[in-house]
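input-v3.pdb follows; it contains PDB, C-alpha atoms.
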```
ATOM      1  CA  PRO M   1     -87.214  47.186 -21.975
ATOM      2  CA  ARG M   2     -88.514  46.449 -18.503
ATOM      3  CA  LEU M   3     -90.943  43.664 -17.952
ATOM      4  CA  PRO M   4     -94.353  44.753 -16.524
ATOM      5  CA  ALA M   5     -94.673  44.254 -12.825
ATOM      6  CA  PRO M   6     -96.669  41.188 -11.895
ATOM      7  CA  ARG M   7    -100.178  41.714 -10.514
ATOM      8  CA  SER M   8    -100.726  41.125  -6.855
ATOM      9  CA  GLY M   9    -103.536  38.858  -5.762
ATOM     10  CA  PRO M  10    -105.236  35.930  -7.491
ATOM     11  CA  ALA M  11    -105.461  35.742 -11.299
ATOM     12  CA  PRO M  12    -108.852  36.857 -12.785
ATOM     13  CA  ALA M  13    -111.239  34.122 -13.919
ATOM     14  CA  PRO M  14    -111.818  33.806 -17.690
ATOM     15  CA  ARG M  15    -114.817  35.858 -18.960
ATOM     16  CA  LEU M  16    -117.568  33.975 -20.769
ATOM     17  CA  PRO M  17    -119.254  35.474 -23.896
ATOM     18  CA  GLY M  18    -122.252  37.667 -22.983
ATOM     19  CA  ALA M  19    -121.405  37.740 -19.317
ATOM     20  CA  PRO M  20    -121.517  41.111 -17.498
ATOM     21  CA  PRO M  21    -118.231  42.775 -16.686
ATOM     22  CA  GLN M  22    -116.546  41.320 -13.632
ATOM     23  CA  GLN M  23    -116.446  43.602 -10.593
ATOM     24  CA  PRO M  24    -113.047  44.039  -8.900
ATOM     25  CA  THR M  25    -112.685  42.141  -5.682
ATOM     26  CA  GLN M  26    -111.684  43.873  -2.506
ATOM     27  CA  ALA M  27    -109.602  42.432   0.288
ATOM     28  CA  LEU M  28    -111.340  41.672   3.497
ATOM     29  CA  PRO M  29    -110.757  44.385   6.089
ATOM     30  CA  ASP M  30    -109.618  41.899   8.719
ATOM     31  CA  ARG M  31    -107.107  40.155   6.452
ATOM     32  CA  PRO M  32    -103.564  40.645   7.762
ATOM     33  CA  PRO M  33    -101.061  42.226   5.334
ATOM     34  CA  GLN M  34     -98.703  39.859   3.665
ATOM     35  CA  SER M  35     -95.170  39.905   5.038
ATOM     36  CA  PRO M  36     -92.309  40.456   2.572
ATOM     37  CA  PRO M  37     -90.259  37.407   1.580
ATOM     38  CA  PRO M  38     -87.407  36.691   4.012
ATOM     39  CA  ALA M  39     -84.082  38.272   3.072
ATOM     40  CA  ALA M  40     -80.958  36.188   2.599
ATOM     41  CA  PRO M  41     -78.908  35.766   5.752
ATOM     42  CA  ALA M  42     -76.466  38.631   6.203
ATOM     43  CA  PRO M  43     -73.368  36.430   6.485
ATOM     44  CA  MET M  44     -74.164  34.656   3.228
ATOM     45  CA  ALA M  45     -74.830  37.950   1.438
ATOM     46  CA  SER M  46     -71.572  39.320   2.786
ATOM     47  CA  TRP M  47     -69.695  36.245   1.663
ATOM     48  CA  LEU M  48     -71.154  36.398  -1.867
ATOM     49  CA  ALA M  49     -70.297  40.091  -2.156
ATOM     50  CA  GLY M  50     -66.780  39.371  -1.017
ATOM     51  CA  ALA M  51     -66.448  36.498  -3.492
ATOM     52  CA  LEU M  52     -67.411  38.794  -6.371
ATOM     53  CA  ARG M  53     -64.874  41.374  -5.270
ATOM     54  CA  LEU M  54     -62.206  38.674  -5.123
ATOM     55  CA  VAL M  55     -62.589  38.453  -8.902
ATOM     56  CA  TRP M  56     -63.264  42.050 -10.016
ATOM     57  CA  SER M  57     -61.870  44.334  -7.308
ATOM     58  CA  PRO M  58     -58.533  46.161  -7.870
ATOM     59  CA  ALA M  59     -57.529  44.699  -4.526
ATOM     60  CA  ALA M  60     -58.022  41.140  -5.791
ATOM     61  CA  PRO M  61     -54.474  39.865  -5.052
ATOM     62  CA  ALA M  62     -54.571  41.054  -1.467
ATOM     63  CA  LEU M  63     -58.139  39.876  -0.961
ATOM     64  CA  ARG M  64     -57.426  36.396  -2.277
ATOM     65  CA  ALA M  65     -54.484  36.130   0.096
ATOM     66  CA  ALA M  66     -56.624  37.174   3.057
ATOM     67  CA  SER M  67     -59.747  35.203   2.180
ATOM     68  CA  SER M  68     -58.468  31.824   3.396
ATOM     69  CA  SER M  69     -58.402  33.067   6.980
ATOM     70  CA  ALA M  70     -61.476  35.324   6.760
ATOM     71  CA  THR M  71     -64.925  34.487   8.048
ATOM     72  CA  PRO M  72     -68.089  35.474   6.202
ATOM     73  CA  GLY M  73     -68.738  38.194   8.759
ATOM     74  CA  ASP M  74     -65.469  40.078   8.409
ATOM     75  CA  LEU M  75     -64.612  39.592   4.730
ATOM     76  CA  GLU M  76     -66.918  42.438   3.652
ATOM     77  CA  ALA M  77     -65.225  44.814   6.068
ATOM     78  CA  ARG M  78     -61.805  43.838   4.752
ATOM     79  CA  VAL M  79     -62.956  44.362   1.188
ATOM     80  CA  ALA M  80     -64.344  47.800   1.935
ATOM     81  CA  ALA M  81     -61.226  48.906   3.796
ATOM     82  CA  LEU M  82     -58.875  47.754   1.046
ATOM     83  CA  GLU M  83     -60.958  49.384  -1.680
ATOM     84  CA  ARG M  84     -61.033  52.691   0.193
ATOM     85  CA  GLN M  85     -57.261  52.528   0.512
ATOM     86  CA  LEU M  86     -56.805  51.751  -3.166
ATOM     87  CA  ARG M  87     -59.114  54.572  -4.315
ATOM     88  CA  ALA M  88     -56.999  57.045  -2.333
ATOM     89  CA  GLN M  89     -53.753  56.000  -4.044
ATOM     90  CA  PRO M  90     -52.426  56.314  -7.594
ATOM     91  CA  ALA M  91     -52.674  53.220  -9.738
ATOM     92  CA  ALA M  92     -48.995  52.272  -9.432
ATOM     93  CA  ALA M  93     -49.025  52.681  -5.660
ATOM     94  CA  ALA M  94     -52.237  50.659  -5.483
ATOM     95  CA  ARG M  95     -50.639  47.741  -7.309
ATOM     96  CA  ALA M  96     -47.632  47.911  -4.995
ATOM     97  CA  ALA M  97     -49.836  47.974  -1.901
ATOM     98  CA  ALA M  98     -51.870  45.012  -3.119
ATOM     99  CA  ALA M  99     -48.743  42.997  -3.881
ATOM    100  CA  SER M 100     -47.232  43.875  -0.513
ATOM    101  CA  ALA M 101     -50.424  42.928   1.322
ATOM    102  CA  SER M 102     -50.505  39.605  -0.512
ATOM    103  CA  THR M 103     -46.867  38.860   0.368
ATOM    104  CA  ASP M 104     -47.339  39.880   3.981
ATOM    105  CA  ALA M 105     -50.419  37.697   4.263
ATOM    106  CA  GLU M 106     -48.519  34.690   2.945
ATOM    107  CA  ALA M 107     -45.609  35.411   5.299
ATOM    108  CA  GLY M 108     -48.036  35.749   8.188
ATOM    109  CA  LYS M 109     -49.464  32.324   7.445
ATOM    110  CA  ARG M 110     -46.014  30.778   7.545
ATOM    111  CA  GLY M 111     -44.930  32.794  10.569
ATOM    112  CA  ALA M 112     -41.748  33.712   8.658
ATOM    113  CA  SER M 113     -39.874  36.897   7.819
ATOM    114  CA  ARG M 114     -37.950  37.782   4.697
ATOM    115  CA  VAL M 115     -34.348  36.584   4.643
ATOM    116  CA  TYR M 116     -33.281  38.562   1.603
ATOM    117  CA  THR M 117     -32.724  42.320   1.784
ATOM    118  CA  LYS M 118     -31.266  42.997  -1.711
ATOM    119  CA  THR M 119     -28.819  45.478  -0.137
ATOM    120  CA  GLY M 120     -25.849  43.326  -1.101
ATOM    121  CA  ASP M 121     -26.699  42.948  -4.767
ATOM    122  CA  LYS M 122     -23.942  45.393  -5.750
ATOM    123  CA  GLY M 123     -21.130  43.598  -3.943
ATOM    124  CA  VAL M 124     -21.143  45.454  -0.631
ATOM    125  CA  SER M 125     -22.438  44.458   2.776
ATOM    126  CA  MET M 126     -22.749  45.922   6.252
ATOM    127  CA  LEU M 127     -20.788  45.226   9.416
ATOM    128  CA  TYR M 128     -22.259  45.286  12.894
ATOM    129  CA  ASN M 129     -21.044  48.892  13.320
ATOM    130  CA  MET M 130     -23.202  49.868  10.269
ATOM    131  CA  GLU M 131     -20.126  50.384   8.087
ATOM    132  CA  ARG M 132     -20.509  49.189   4.500
ATOM    133  CA  ARG M 133     -17.579  47.413   2.875
ATOM    134  CA  SER M 134     -16.870  45.343  -0.197
ATOM    135  CA  LYS M 135     -17.721  41.677   0.153
ATOM    136  CA  THR M 136     -14.112  40.901  -0.748
ATOM    137  CA  ASP M 137     -12.856  42.796   2.323
ATOM    138  CA  VAL M 138     -10.640  40.866   4.732
ATOM    139  CA  VAL M 139     -13.260  41.193   7.458
ATOM    140  CA  PHE M 140     -15.904  39.408   5.390
ATOM    141  CA  ARG M 141     -13.371  36.748   4.423
ATOM    142  CA  ALA M 142     -12.730  36.087   8.107
ATOM    143  CA  LEU M 143     -16.462  36.032   8.803
ATOM    144  CA  GLY M 144     -17.001  33.550   5.979
ATOM    145  CA  ASP M 145     -14.275  31.215   7.211
ATOM    146  CA  THR M 146     -15.674  31.354  10.747
ATOM    147  CA  ASP M 147     -19.144  30.556   9.435
ATOM    148  CA  GLU M 148     -17.771  27.657   7.392
ATOM    149  CA  LEU M 149     -16.037  26.338  10.503
ATOM    150  CA  ASN M 150     -19.331  26.489  12.360
ATOM    151  CA  ALA M 151     -21.026  24.484   9.607
ATOM    152  CA  PHE M 152     -18.359  21.760   9.660
ATOM    153  CA  ILE M 153     -18.640  21.504  13.432
ATOM    154  CA  GLY M 154     -22.385  21.043  12.980
ATOM    155  CA  VAL M 155     -21.721  18.073  10.690
ATOM    156  CA  ALA M 156     -19.268  16.624  13.227
ATOM    157  CA  ARG M 157     -21.777  17.111  16.025
ATOM    158  CA  GLU M 158     -24.408  15.099  14.161
ATOM    159  CA  ALA M 159     -21.860  12.320  13.669
ATOM    160  CA  CYS M 160     -21.120  12.358  17.394
ATOM    161  CA  ILE M 161     -24.830  12.032  18.164
ATOM    162  CA  ARG M 162     -25.103   9.042  15.849
ATOM    163  CA  GLY M 163     -22.080   7.501  17.540
ATOM    164  CA  GLY M 164     -23.494   7.912  21.041
ATOM    165  CA  LEU M 165     -21.026  10.644  22.057
ATOM    166  CA  ASP M 166     -23.695  12.871  23.569
ATOM    167  CA  ALA M 167     -21.399  14.694  26.015
ATOM    168  CA  LEU M 168     -19.001  15.671  23.235
ATOM    169  CA  ALA M 169     -21.930  16.694  21.024
ATOM    170  CA  ALA M 170     -23.159  19.016  23.781
ATOM    171  CA  ARG M 171     -19.738  20.676  23.975
ATOM    172  CA  LEU M 172     -19.643  21.115  20.205
ATOM    173  CA  LEU M 173     -22.996  22.884  20.454
ATOM    174  CA  GLN M 174     -21.467  25.243  23.005
ATOM    175  CA  ILE M 175     -18.584  25.919  20.604
ATOM    176  CA  GLN M 176     -20.958  26.658  17.739
ATOM    177  CA  SER M 177     -22.712  29.216  19.907
ATOM    178  CA  ARG M 178     -19.418  30.865  20.832
ATOM    179  CA  LEU M 179     -18.400  31.068  17.173
ATOM    180  CA  LEU M 180     -21.422  33.252  16.501
ATOM    181  CA  GLU M 181     -20.081  35.585  19.178
ATOM    182  CA  VAL M 182     -16.655  35.476  17.529
ATOM    183  CA  GLY M 183     -18.289  36.620  14.293
ATOM    184  CA  ALA M 184     -19.929  39.535  16.095
ATOM    185  CA  VAL M 185     -16.539  40.626  17.449
ATOM    186  CA  VAL M 186     -14.848  40.392  14.045
ATOM    187  CA  ALA M 187     -17.714  42.394  12.494
ATOM    188  CA  THR M 188     -17.144  45.216  15.003
ATOM    189  CA  PRO M 189     -13.641  46.623  14.389
ATOM    190  CA  PRO M 190     -12.727  48.714  17.472
ATOM    191  CA  SER M 191     -10.955  51.326  15.371
ATOM    192  CA  ARG M 192     -14.206  52.146  13.562
ATOM    193  CA  SER M 193     -16.840  51.341  16.212
ATOM    194  CA  ASP M 194     -18.135  53.216  19.235
ATOM    195  CA  SER M 195     -17.459  51.974  22.752
ATOM    196  CA  GLU M 196     -21.054  50.897  23.295
ATOM    197  CA  ARG M 197     -20.991  48.445  20.400
ATOM    198  CA  THR M 198     -17.575  47.043  21.260
ATOM    199  CA  ALA M 199     -18.668  46.517  24.867
ATOM    200  CA  ARG M 200     -21.775  44.702  23.674
ATOM    201  CA  VAL M 201     -19.713  42.103  21.779
ATOM    202  CA  ALA M 202     -17.025  41.581  24.432
ATOM    203  CA  PHE M 203     -15.592  38.044  24.315
ATOM    204  CA  PRO M 204     -14.184  36.901  27.688
ATOM    205  CA  ASP M 205     -11.134  34.643  28.082
ATOM    206  CA  GLU M 206     -13.140  32.148  30.128
ATOM    207  CA  HIS M 207     -14.322  30.561  26.871
ATOM    208  CA  THR M 208     -10.709  29.654  26.068
ATOM    209  CA  ARG M 209     -10.260  28.233  29.558
ATOM    210  CA  ASP M 210     -13.317  26.044  28.970
ATOM    211  CA  LEU M 211     -11.649  24.554  25.879
ATOM    212  CA  GLU M 212      -8.483  23.853  27.843
ATOM    213  CA  ALA M 213     -10.398  22.101  30.641
ATOM    214  CA  TRP M 214     -12.308  19.960  28.146
ATOM    215  CA  MET M 215      -9.070  18.982  26.379
ATOM    216  CA  ASP M 216      -7.430  17.976  29.661
ATOM    217  CA  GLU M 217     -10.440  15.832  30.535
ATOM    218  CA  MET M 218     -10.373  13.954  27.214
ATOM    219  CA  SER M 219      -6.591  13.644  27.094
ATOM    220  CA  ALA M 220      -6.612  11.869  30.468
ATOM    221  CA  THR M 221      -8.452   8.946  28.826
ATOM    222  CA  LEU M 222      -6.163   8.672  25.781
ATOM    223  CA  PRO M 223      -2.820   6.881  25.318
ATOM    224  CA  GLN M 224       0.266   9.039  25.034
ATOM    225  CA  LEU M 225       0.805  10.365  21.551
ATOM    226  CA  ARG M 226       4.136   9.131  20.058
ATOM    227  CA  VAL M 227       3.484   9.188  16.288
ATOM    228  CA  PHE M 228       1.743  11.358  13.751
ATOM    229  CA  VAL M 229      -2.015  10.781  13.571
ATOM    230  CA  LEU M 230      -3.777  10.710  10.229
ATOM    231  CA  PRO M 231      -7.341  12.008   9.741
ATOM    232  CA  GLY M 232      -9.799   9.147  10.077
ATOM    233  CA  GLY M 233     -10.748   6.777  12.864
ATOM    234  CA  GLY M 234     -14.481   6.628  12.265
ATOM    235  CA  ASP M 235     -17.195   8.943  11.051
ATOM    236  CA  ALA M 236     -17.153  11.430  13.930
ATOM    237  CA  ALA M 237     -13.357  11.526  14.169
ATOM    238  CA  ALA M 238     -12.958  12.153  10.435
ATOM    239  CA  HIS M 239     -15.416  15.088  10.540
ATOM    240  CA  LEU M 240     -13.649  16.541  13.575
ATOM    241  CA  HIS M 241     -10.331  16.427  11.709
ATOM    242  CA  VAL M 242     -11.916  18.435   8.873
ATOM    243  CA  ALA M 243     -13.199  20.954  11.423
ATOM    244  CA  ARG M 244      -9.658  21.158  12.843
ATOM    245  CA  THR M 245      -8.208  22.245   9.499
ATOM    246  CA  VAL M 246     -10.973  24.781   8.871
ATOM    247  CA  ALA M 247     -10.375  26.197  12.370
ATOM    248  CA  ARG M 248      -6.759  26.896  11.391
ATOM    249  CA  ARG M 249      -7.917  28.685   8.246
ATOM    250  CA  ALA M 250     -10.404  30.784  10.211
ATOM    251  CA  GLU M 251      -7.631  31.728  12.634
ATOM    252  CA  ARG M 252      -5.360  32.798   9.770
ATOM    253  CA  SER M 253      -8.155  34.888   8.276
ATOM    254  CA  VAL M 254      -8.702  36.700  11.564
ATOM    255  CA  TRP M 255      -4.985  37.430  11.860
ATOM    256  CA  ASP M 256      -5.134  38.768   8.307
ATOM    257  CA  VAL M 257      -7.645  41.347   9.558
ATOM    258  CA  CYS M 258      -5.061  42.448  12.150
ATOM    259  CA  GLU M 259      -2.272  42.615   9.558
ATOM    260  CA  HIS M 260      -4.454  44.644   7.233
ATOM    261  CA  ALA M 261      -5.237  47.128  10.021
ATOM    262  CA  ARG M 262      -1.544  47.461  10.789
ATOM    263  CA  ALA M 263      -0.741  48.166   7.120
ATOM    264  CA  GLU M 264      -3.475  50.816   6.982
ATOM    265  CA  ARG M 265      -2.017  52.587  10.006
ATOM    266  CA  VAL M 266       1.473  52.585   8.515
ATOM    267  CA  GLN M 267       0.109  54.000   5.268
ATOM    268  CA  GLU M 268      -1.742  56.732   7.148
ATOM    269  CA  HIS M 269       1.484  57.746   8.910
ATOM    270  CA  LYS M 270       3.351  57.885   5.598
ATOM    271  CA  GLU M 271       0.690  60.018   3.954
ATOM    272  CA  ALA M 272       0.757  62.377   6.933
ATOM    273  CA  GLY M 273       4.570  62.620   6.697
ATOM    274  CA  ASP M 274       4.951  61.351  10.260
ATOM    275  CA  GLU M 275       7.869  58.953  10.552
ATOM    276  CA  GLY M 276       7.221  58.254  14.266
ATOM    277  CA  SER M 277       9.491  56.724  16.853
ATOM    278  CA  ASP M 278      10.090  53.048  17.529
ATOM    279  CA  GLU M 279       7.839  53.208  20.590
ATOM    280  CA  GLU M 280       5.011  54.746  18.547
ATOM    281  CA  GLU M 281       5.385  52.031  15.876
ATOM    282  CA  GLU M 282       5.275  49.345  18.539
ATOM    283  CA  GLY M 283       2.155  50.959  19.971
ATOM    284  CA  ASP M 284       0.552  50.950  16.527
ATOM    285  CA  GLU M 285       1.283  47.234  16.189
ATOM    286  CA  ASP M 286      -0.361  46.537  19.539
ATOM    287  CA  ALA M 287      -3.383  48.584  18.496
ATOM    288  CA  ALA M 288      -3.569  46.703  15.191
ATOM    289  CA  ASP M 289      -3.500  43.369  17.008
ATOM    290  CA  GLU M 290      -6.446  44.577  19.038
ATOM    291  CA  GLU M 291      -8.425  45.207  15.834
ATOM    292  CA  VAL M 292      -9.598  41.722  16.775
ATOM    293  CA  PRO M 293      -9.280  41.262  20.556
ATOM    294  CA  GLY M 294      -6.685  38.810  21.783
ATOM    295  CA  SER M 295      -9.369  36.779  23.526
ATOM    296  CA  VAL M 296     -10.774  35.861  20.080
ATOM    297  CA  THR M 297      -7.458  34.946  18.460
ATOM    298  CA  ARG M 298      -6.509  32.841  21.492
ATOM    299  CA  TYR M 299      -9.867  31.066  21.347
ATOM    300  CA  LEU M 300      -9.441  30.177  17.660
ATOM    301  CA  ASN M 301      -5.889  28.982  18.272
ATOM    302  CA  ARG M 302      -7.057  26.722  21.077
ATOM    303  CA  LEU M 303     -10.099  25.572  19.117
ATOM    304  CA  SER M 304      -8.081  23.708  16.480
ATOM    305  CA  ASP M 305      -6.215  21.934  19.313
ATOM    306  CA  PHE M 306      -9.555  20.973  20.835
ATOM    307  CA  MET M 307     -10.732  19.494  17.527
ATOM    308  CA  PHE M 308      -7.593  17.362  17.308
ATOM    309  CA  VAL M 309      -8.048  15.969  20.827
ATOM    310  CA  ALA M 310     -11.769  15.458  20.229
ATOM    311  CA  ALA M 311     -11.005  13.542  17.014
ATOM    312  CA  ARG M 312      -8.655  11.202  18.874
ATOM    313  CA  TYR M 313     -11.194  10.780  21.665
ATOM    314  CA  SER M 314     -13.931   9.906  19.157
ATOM    315  CA  ALA M 315     -11.715   7.416  17.333
ATOM    316  CA  HIS M 316     -10.865   5.558  20.542
ATOM    317  CA  ALA M 317     -14.483   5.675  21.759
ATOM    318  CA  ALA M 318     -15.571   4.065  18.475
ATOM    319  CA  GLY M 319     -12.954   1.303  18.889
ATOM    320  CA  HIS M 320     -10.800   2.429  15.958
ATOM    321  CA  GLY M 321      -7.918   3.999  17.817
ATOM    322  CA  ASP M 322      -5.443   6.366  16.182
ATOM    323  CA  THR M 323      -4.885   6.068  12.434
ATOM    324  CA  THR M 324      -1.121   6.272  12.078
ATOM    325  CA  THR M 325       1.266   6.403   9.157
ATOM    326  CA  VAL M 326       2.326   3.201   7.410
ATOM    327  CA  PRO M 327       5.836   2.446   6.146
ATOM    328  CA  ARG M 328       6.572   2.976   2.477
ATOM    329  CA  GLU M 329       6.253  -0.151   0.407
ATOM    330  CA  ALA M 330       9.512  -1.423  -1.009
TER     331      ALA M 330
END
```

Spell out the structure here as structure tokens.
Amino acid sequence: PRLPAPRSGPAPAPRLPGAPPQQPTQALPDRPPQSPPPAAPAPMASWLAGALRLVWSPAAPALRAASSSATPGDLEARVAALERQLRAQPAAAARAAAASASTDAEAGKRGASRVYTKTGDKGVSMLYNMERRSKTDVVFRALGDTDELNAFIGVAREACIRGGLDALAARLLQIQSRLLEVGAVVATPPSRSDSERTARVAFPDEHTRDLEAWMDEMSATLPQLRVFVLPGGGDAAAHLHVARTVARRAERSVWDVCEHARAERVQEHKEAGDEGSDEEEEGDEDAADEEVPGSVTRYLNRLSDFMFVAARYSAHAAGHGDTTTVPREA
């Protein structure tokens, strides 16, 4: 039941026994009308309305994610827009939209993007030419070994920085950058890629010439090598020796891509019943070698040599010198 509305004006005086009925009082004609009580400030009302919707609205997850950056003036507009969107969608789609808005809001706060795509959950992945292959494919094995090499060089570079070898550390950073380009080339097999993509990942031979010039410069400061050198010679040198061995493995993996392409071409000829001449077979071998351009295989071959020279250079710069073999104990 509703409560009776309160009377306006002053309360009536109590009536004494035997007194005549009290006449109603009338307001003076010149009395100004009373102004209504002041309303709550609009921003505060908007904020309170938004706070309630943060609890009860179907868009609550998205609204809670957005509320930390909202001002009282614009929260109400966000609430209304999200609720209109949710009313126009089925319930399942509404939940998905709210969850997506919440995730996007959190990602926007961090300034980050999603790293995971879930497209490789079934054991396949995509090359740069948009071709999907098994993750056990020789191309992905070569890409993994190249990436591992890059990581080991990063560890060696940090050791060089700690040891005061800033010039060598700068060159290792250049090499790490070039290895990313090597990965792009390996992930774009020419036999299955268009000319535009292969031209975009071209790897010039000047990178190999840079390695050779840097090796000559370091070798000029080192004593002539007359014995076998063992891995070691200080922190930086030891890490560079590890990078040297991983560089050899990455090179072998890339050559495995070429061998696999050659075997596929031979199998295609056999299935087509085309024996082919010796010149055609030699041409197929050349084409298979170019499944990974020669500029990349030459760079990887020279890179392991560079790591060996850099390891010696680091060992001598640290005052350790070369770690050589010791005679067998009697």

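Distance check against Ile153 (chain M) using all atoms listed in the file: of M:His239, M:Gly321, M:Trp214, M:Lys270, the minimum falls on M:His239.
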
Evaluate the PyMOL selection byres ((chain M and resi 257) around 8) here and jot the selected residues down as a PyMOL selection string.
chain M and resi 138-139+142+253-256+258-261+291-292

Result set, the PyMOL selection byres ((chain M and resi 311-318) around 12) on current file, as a VMD selection string:
chain M and resid 153 156 to 157 159 to 169 172 214 to 225 228 to 245 304 to 310 319 to 324

Distance in Å - CA of Asp121 (chain M) versus CA of Glu251 (chain M):
28.1 Å

Got a sec: who's within 8 Å of Thr208 (chain M), counting all atoms listed in the file, leaving out chain neighbours fewer than 2 positions off, as a count of residues only?
9

In Å, rounded to a single decimal, give me how far CA of Glu196 (chain M) is from CA of Arg265 (chain M).
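Taking CA of Arg265 (chain M) as the start and CA of Glu196 (chain M) as the end point, the length is 23.3 Å.
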
With N, CA and C atoms as the target, complete region 291-312 of chain M and hand it back as a compact mmCIF listing (two decimals), in the coordinates of the input.
```txt
# COMPACT_ATOMS: atom_id res chain seq x y z
N GLU M 291 -7.32 45.04 16.79
CA GLU M 291 -8.43 45.21 15.83
C GLU M 291 -9.39 44.02 15.97
N VAL M 292 -8.82 42.87 16.30
CA VAL M 292 -9.60 41.72 16.77
C VAL M 292 -9.03 41.39 18.14
N PRO M 293 -9.82 41.44 19.20
CA PRO M 293 -9.28 41.26 20.56
C PRO M 293 -8.52 39.96 20.70
N GLY M 294 -7.51 39.99 21.56
CA GLY M 294 -6.68 38.81 21.78
C GLY M 294 -7.48 37.63 22.32
N SER M 295 -8.56 37.89 23.02
CA SER M 295 -9.37 36.78 23.53
C SER M 295 -9.96 35.95 22.38
N VAL M 296 -10.22 36.58 21.23
CA VAL M 296 -10.77 35.86 20.08
C VAL M 296 -9.69 35.07 19.37
N THR M 297 -8.53 35.68 19.13
CA THR M 297 -7.46 34.95 18.46
C THR M 297 -6.96 33.78 19.32
N ARG M 298 -6.90 33.96 20.62
CA ARG M 298 -6.51 32.84 21.49
C ARG M 298 -7.55 31.73 21.45
N TYR M 299 -8.81 32.08 21.40
CA TYR M 299 -9.87 31.07 21.35
C TYR M 299 -9.76 30.24 20.07
N LEU M 300 -9.56 30.90 18.92
CA LEU M 300 -9.44 30.18 17.66
C LEU M 300 -8.20 29.31 17.63
N ASN M 301 -7.12 29.78 18.22
CA ASN M 301 -5.89 28.98 18.27
C ASN M 301 -6.11 27.72 19.10
N ARG M 302 -6.79 27.87 20.22
CA ARG M 302 -7.06 26.72 21.08
C ARG M 302 -8.12 25.81 20.48
N LEU M 303 -8.99 26.36 19.65
CA LEU M 303 -10.10 25.57 19.12
C LEU M 303 -9.60 24.47 18.18
N SER M 304 -8.61 24.76 17.36
CA SER M 304 -8.08 23.71 16.48
C SER M 304 -7.43 22.60 17.31
N ASP M 305 -6.77 22.96 18.42
CA ASP M 305 -6.22 21.93 19.31
C ASP M 305 -7.33 21.07 19.90
N PHE M 306 -8.42 21.72 20.28
CA PHE M 306 -9.56 20.97 20.84
C PHE M 306 -10.09 19.98 19.81
N MET M 307 -10.20 20.39 18.55
CA MET M 307 -10.73 19.49 17.53
C MET M 307 -9.83 18.29 17.33
N PHE M 308 -8.52 18.48 17.44
CA PHE M 308 -7.59 17.36 17.31
C PHE M 308 -7.78 16.36 18.45
N VAL M 309 -7.85 16.86 19.69
CA VAL M 309 -8.05 15.97 20.83
C VAL M 309 -9.41 15.29 20.74
N ALA M 310 -10.44 16.04 20.35
CA ALA M 310 -11.77 15.46 20.23
C ALA M 310 -11.81 14.38 19.16
N ALA M 311 -11.05 14.56 18.06
CA ALA M 311 -11.00 13.54 17.01
C ALA M 311 -10.36 12.26 17.55
N ARG M 312 -9.28 12.39 18.27
CA ARG M 312 -8.65 11.20 18.87
C ARG M 312 -9.61 10.53 19.85
```
